[in-house]
Number of protein chains: 2
Amino acid sequence: MKLSEGVEWTLHCCTLLAALPEGKAMSAKKLAEFFDIPPDYLAKHMQQMSNAGIVQTKKGPNGGYSLARSARDITLLEMVEAIDGRTSSFKCTEIRQRGPSGVSPCQYKTPCGIARTMRKADQVWRYELKKTTLADLQMLGVRETPPEQMIKAINWLKGLFQ
Amino acid sequence: MKLSEGVEWTLHCCTLLAALPEGKAMSAKKLAEFFDIPPDYLAKHMQQMSNAGIVQTKKGPNGGYSLARSARDITLLEMVEAIDGRTSSFKCTEIRQRGPSGVSPCQYKTPCGIARTMRKADQVWRYELKKTTLADLQMLGVRETPPEQMIKAINWLKGLFQ
């Protein structure tokens, strides 16, 4: 069970967008350059973030992506689901109904107990992701980014916006 | 993010093995027949369950798989990890170290905050799975299997063991 690499990429990109000065935006190309990731794939994933209402796009020469809402109002769950979807990691194919002991579907009064238990664990995972906001991730980044990197990042962004 | 269908199959197979009379075993071929699933793929997955010490094999004409331990001592987590592995669903490729602002690896004093947060959610999911045992799943099956299916299953198993 693996989350797509797009989850890692877009979480980092959103953390960077959260740090941009008011009114500024970054293109998918520049975001890809900042993290040295493939621009075409990233563009596709940023579009998914846009479709989910997490980022917004501004057209024009200084256009690009910015957060559509405050980082405090964007949960980790929303960001992960924008890329990975809302479908449970466990798919039930109702094998209990198959084979020599299977009976007609109307006789099964409850969803399969195995599926219910697996889906509950999936819900617990999603609930855990919902407890963290983009602002929390940004705070971790501010606290833990090496000072030398912070200076290099600020200078790179200054070059981009001047 | 999707769990392999082998997880669904083996969870159902183990629940059936938990219901077998003392000393009885079932081949992968018969388990596959009971659930109408592809025998070759199931055989591979049952081998993984055996490698994980969840089931044991008995050779000979009445041989096959049986539980290696009491169903009360087998957790859902063990069964899922036997098929899906123990690796976190979130893979961190350290993109924070890349691009124009990256600095030397020794300057990063903590694992990436995004990766830590995602891995914590993965741990919460695993902890939830650990709370359920195979005996719990078996109890759900006993309570919720349609009576007509229970009779058909018992008769099918009687035919197998007579």
# chains A, B, ... in the order shown; residues from 1 in each chain; ligands from 1
>>> select_by_dssp(residues="chain A", states="strand (DSSP E or B)", output="list in words")
Met26, Val55, Gln56, Thr57, Lys58, Gly64, Tyr65, Ser66, Leu67, Thr75 and Thr133 of chain A
>>> interface_residues(of="chain A", to="chain B", cutoff="7 Å", atoms="only C-alpha atoms", output="MDAnalysis selection string")
chainID A and resid 1:3 8 33:36 84 89:90 92 95:96 98:103 107:108 113:114 121:122 124:125 128:129 137 140:141 146 149 152:153
>>> write_last_selection(atoms="N, CA and C atoms", output="compact mmCIF listing (two decimals), in the first residue's frame")
# COMPACT_ATOMS: atom_id res chain seq x y z
N MET A 1 0.85 -1.19 0.00
CA MET A 1 0.00 0.00 0.00
C MET A 1 0.89 1.24 0.00
N LYS A 2 0.79 1.99 -1.05
CA LYS A 2 1.68 3.13 -1.21
C LYS A 2 0.88 4.36 -1.65
N LEU A 3 1.18 5.48 -1.03
CA LEU A 3 0.64 6.75 -1.52
C LEU A 3 1.48 7.18 -2.70
N GLU A 8 3.64 13.50 -1.58
CA GLU A 8 4.84 14.14 -1.00
C GLU A 8 5.09 15.50 -1.68
N GLU A 33 10.97 23.49 -9.96
CA GLU A 33 12.40 23.88 -9.92
C GLU A 33 12.88 23.94 -8.47
N PHE A 34 12.05 24.52 -7.60
CA PHE A 34 12.45 24.67 -6.19
C PHE A 34 12.74 23.32 -5.55
N PHE A 35 11.92 22.30 -5.90
CA PHE A 35 12.09 20.99 -5.26
C PHE A 35 12.79 19.98 -6.18
N ASP A 36 13.18 20.44 -7.37
CA ASP A 36 13.86 19.56 -8.33
C ASP A 36 13.02 18.30 -8.59
N ASP A 84 -4.97 11.50 -3.66
CA ASP A 84 -5.15 10.05 -3.52
C ASP A 84 -6.61 9.61 -3.52
N SER A 89 -8.74 2.27 1.46
CA SER A 89 -7.61 1.45 0.97
C SER A 89 -8.01 -0.02 0.84
N PHE A 90 -9.10 -0.42 1.50
CA PHE A 90 -9.55 -1.81 1.43
C PHE A 90 -10.74 -1.92 0.49
N CYS A 92 -13.61 -4.30 -0.90
CA CYS A 92 -14.33 -5.55 -0.63
C CYS A 92 -14.97 -6.03 -1.92
N ILE A 95 -16.32 -11.60 -1.47
CA ILE A 95 -16.03 -13.02 -1.75
C ILE A 95 -16.83 -13.94 -0.83
N ARG A 96 -17.37 -13.38 0.25
CA ARG A 96 -18.24 -14.23 1.12
C ARG A 96 -19.45 -14.76 0.36
N ARG A 98 -19.44 -15.74 -2.74
CA ARG A 98 -19.04 -16.60 -3.86
C ARG A 98 -18.84 -18.05 -3.41
N GLY A 99 -18.55 -18.89 -4.38
CA GLY A 99 -18.22 -20.29 -4.07
C GLY A 99 -19.43 -21.12 -3.69
N PRO A 100 -19.17 -22.39 -3.26
CA PRO A 100 -20.25 -23.36 -3.04
C PRO A 100 -21.19 -23.02 -1.89
N SER A 101 -20.78 -22.11 -0.97
CA SER A 101 -21.68 -21.82 0.16
C SER A 101 -22.43 -20.50 -0.01
N GLY A 102 -22.14 -19.78 -1.08
CA GLY A 102 -22.76 -18.47 -1.30
C GLY A 102 -24.28 -18.58 -1.41
N VAL A 103 -24.97 -17.58 -0.88
CA VAL A 103 -26.44 -17.55 -1.00
C VAL A 103 -26.83 -16.23 -1.67
N GLN A 107 -29.74 -12.05 1.36
CA GLN A 107 -29.62 -12.71 2.66
C GLN A 107 -28.52 -12.11 3.54
N TYR A 108 -27.66 -11.29 2.94
CA TYR A 108 -26.58 -10.67 3.72
C TYR A 108 -27.11 -9.36 4.29
N GLY A 113 -18.13 -8.21 7.75
CA GLY A 113 -17.45 -7.79 8.98
C GLY A 113 -15.97 -7.49 8.76
N ILE A 114 -15.35 -8.25 7.86
CA ILE A 114 -13.94 -8.00 7.54
C ILE A 114 -13.81 -6.62 6.88
N ALA A 121 -10.43 1.09 10.23
CA ALA A 121 -9.01 1.47 10.38
C ALA A 121 -8.65 2.56 9.37
N ASP A 122 -9.19 2.46 8.17
CA ASP A 122 -8.97 3.50 7.15
C ASP A 122 -9.53 4.85 7.63
N VAL A 124 -9.90 5.78 10.73
CA VAL A 124 -9.04 6.24 11.83
C VAL A 124 -7.80 6.95 11.25
N TRP A 125 -7.25 6.40 10.18
CA TRP A 125 -6.11 7.03 9.48
C TRP A 125 -6.51 8.40 8.96
N GLU A 128 -6.89 10.92 11.71
CA GLU A 128 -5.57 11.38 12.20
C GLU A 128 -5.02 12.47 11.27
N LEU A 129 -5.19 12.28 9.96
CA LEU A 129 -4.70 13.28 9.00
C LEU A 129 -5.50 14.60 9.13
N LEU A 137 2.06 22.09 9.53
CA LEU A 137 3.22 21.63 8.74
C LEU A 137 4.19 22.79 8.49
N LEU A 140 6.27 23.41 11.56
CA LEU A 140 7.37 22.44 11.66
C LEU A 140 8.51 22.83 10.72
N GLY A 141 8.14 23.24 9.50
CA GLY A 141 9.15 23.65 8.52
C GLY A 141 9.95 24.85 9.01
N PRO A 146 17.07 23.91 8.21
CA PRO A 146 18.40 24.40 8.58
C PRO A 146 18.52 25.90 8.23
N GLN A 149 19.64 26.82 4.80
CA GLN A 149 18.64 26.59 3.77
C GLN A 149 17.59 27.69 3.77
N LYS A 152 19.00 30.59 1.88
CA LYS A 152 19.04 30.31 0.44
C LYS A 152 17.64 30.36 -0.18
N ALA A 153 16.66 29.81 0.55
CA ALA A 153 15.29 29.81 0.03
C ALA A 153 14.74 31.23 -0.08
>>> residues_around(residues="Pro21 in chain B", least_positions_apart="3", cutoff="10 Å", atoms="only C-alpha atoms", output="list in words")
Leu17, Ala18, Lys24, Ala25, Leu157 and Phe161 of chain B
>>> write_last_selection(atoms="N, CA and C atoms", output="PDB file, in the first residue's frame")
ATOM      1  N   LEU B  17     -10.207 -21.048   8.186  1.00  0.00           N
ATOM      2  CA  LEU B  17      -9.299 -21.983   8.887  1.00  0.00           C
ATOM      3  C   LEU B  17      -9.567 -21.982  10.391  1.00  0.00           C
ATOM      4  N   ALA B  18      -9.934 -20.800  10.917  1.00  0.00           N
ATOM      5  CA  ALA B  18     -10.215 -20.698  12.359  1.00  0.00           C
ATOM      6  C   ALA B  18     -11.446 -21.515  12.743  1.00  0.00           C
ATOM      7  N   LYS B  24      -7.725 -30.513  11.590  1.00  0.00           N
ATOM      8  CA  LYS B  24      -8.012 -30.515  10.158  1.00  0.00           C
ATOM      9  C   LYS B  24      -7.233 -29.407   9.444  1.00  0.00           C
ATOM     10  N   ALA B  25      -7.000 -29.633   8.157  1.00  0.00           N
ATOM     11  CA  ALA B  25      -6.266 -28.659   7.341  1.00  0.00           C
ATOM     12  C   ALA B  25      -6.954 -28.543   5.986  1.00  0.00           C
ATOM     13  N   LEU B 157     -17.871 -28.603   4.011  1.00  0.00           N
ATOM     14  CA  LEU B 157     -16.694 -28.984   4.789  1.00  0.00           C
ATOM     15  C   LEU B 157     -16.787 -30.448   5.231  1.00  0.00           C
ATOM     16  N   PHE B 161     -13.992 -33.463   4.555  1.00  0.00           N
ATOM     17  CA  PHE B 161     -13.242 -34.164   5.605  1.00  0.00           C
ATOM     18  C   PHE B 161     -13.692 -35.606   5.840  1.00  0.00           C
TER      19      PHE B 161
END
>>> atom_distance(atom1="CA of Tyr41 in chain B", atom2="CA of Ser66 in chain B")
18.3 Å
>>> residues_around(residues="Val55 in chain A", least_positions_apart="3", cutoff="7 Å", atoms="only C-alpha atoms", output="list in words")
Met49, Ser50, Tyr65, Ser66, Leu67 and Ala68 of chain A
>>> write_last_selection(atoms="all heavy atoms", output="tab-separated table (two decimals), in the first residue's frame")
chain	number	residue	atom	x	y	z
A	49	MET	N	-4.91	19.74	-6.91
A	49	MET	CA	-5.05	20.58	-5.71
A	49	MET	C	-5.99	21.75	-5.99
A	49	MET	O	-6.73	22.19	-5.11
A	49	MET	CB	-3.68	21.12	-5.26
A	49	MET	CG	-2.66	20.07	-4.92
A	49	MET	SD	-3.20	18.92	-3.64
A	49	MET	CE	-2.67	19.79	-2.18
A	50	SER	N	-5.92	22.25	-7.22
A	50	SER	CA	-6.80	23.35	-7.61
A	50	SER	C	-8.25	22.88	-7.69
A	50	SER	O	-9.16	23.54	-7.18
A	50	SER	CB	-6.32	23.91	-8.96
A	50	SER	OG	-7.21	24.89	-9.41
A	65	TYR	N	0.27	29.59	-8.85
A	65	TYR	CA	-0.56	29.06	-7.76
A	65	TYR	C	-0.35	29.83	-6.46
A	65	TYR	O	0.76	30.23	-6.13
A	65	TYR	CB	-0.23	27.59	-7.50
A	65	TYR	CG	-0.72	26.68	-8.60
A	65	TYR	CD1	0.16	26.10	-9.51
A	65	TYR	CD2	-2.08	26.38	-8.72
A	65	TYR	CE1	-0.29	25.26	-10.52
A	65	TYR	CE2	-2.54	25.55	-9.73
A	65	TYR	CZ	-1.64	24.99	-10.62
A	65	TYR	OH	-2.10	24.16	-11.61
A	66	SER	N	-1.44	30.01	-5.73
A	66	SER	CA	-1.36	30.48	-4.35
A	66	SER	C	-2.42	29.70	-3.57
A	66	SER	O	-3.28	29.04	-4.16
A	66	SER	CB	-1.61	31.99	-4.27
A	66	SER	OG	-2.91	32.29	-4.76
A	67	LEU	N	-2.35	29.76	-2.25
A	67	LEU	CA	-3.36	29.05	-1.45
A	67	LEU	C	-4.73	29.69	-1.67
A	67	LEU	O	-4.84	30.92	-1.75
A	67	LEU	CB	-3.01	29.09	0.04
A	67	LEU	CG	-1.74	28.37	0.47
A	67	LEU	CD1	-1.60	28.42	1.99
A	67	LEU	CD2	-1.72	26.92	-0.02
A	68	ALA	N	-5.75	28.88	-1.75
A	68	ALA	CA	-7.11	29.40	-1.93
A	68	ALA	C	-7.72	29.82	-0.61
A	68	ALA	O	-8.72	30.54	-0.58
A	68	ALA	CB	-7.99	28.33	-2.59
>>> atom_distance(atom1="CA of Gln47 in chain A", atom2="CA of Leu160 in chain A")
21.7 Å
>>> atom_distance(atom1="CA of Pro38 in chain A", atom2="CA of Thr10 in chain A")
12.2 Å
>>> select_by_dssp(residues="range 40-119 of chain B", states="helix (DSSP H, G or I)", output="ChimeraX atom specification")
/B:40-51,71-73,76-84,95-97,105-107,113-119
>>> residues_around(residues="Asp40 in chain B", least_positions_apart="4", cutoff="9 Å", atoms="only C-alpha atoms", output="list of chain:residue names")
B:Ala28, B:Lys29, B:Ala32, B:Lys44, B:His45
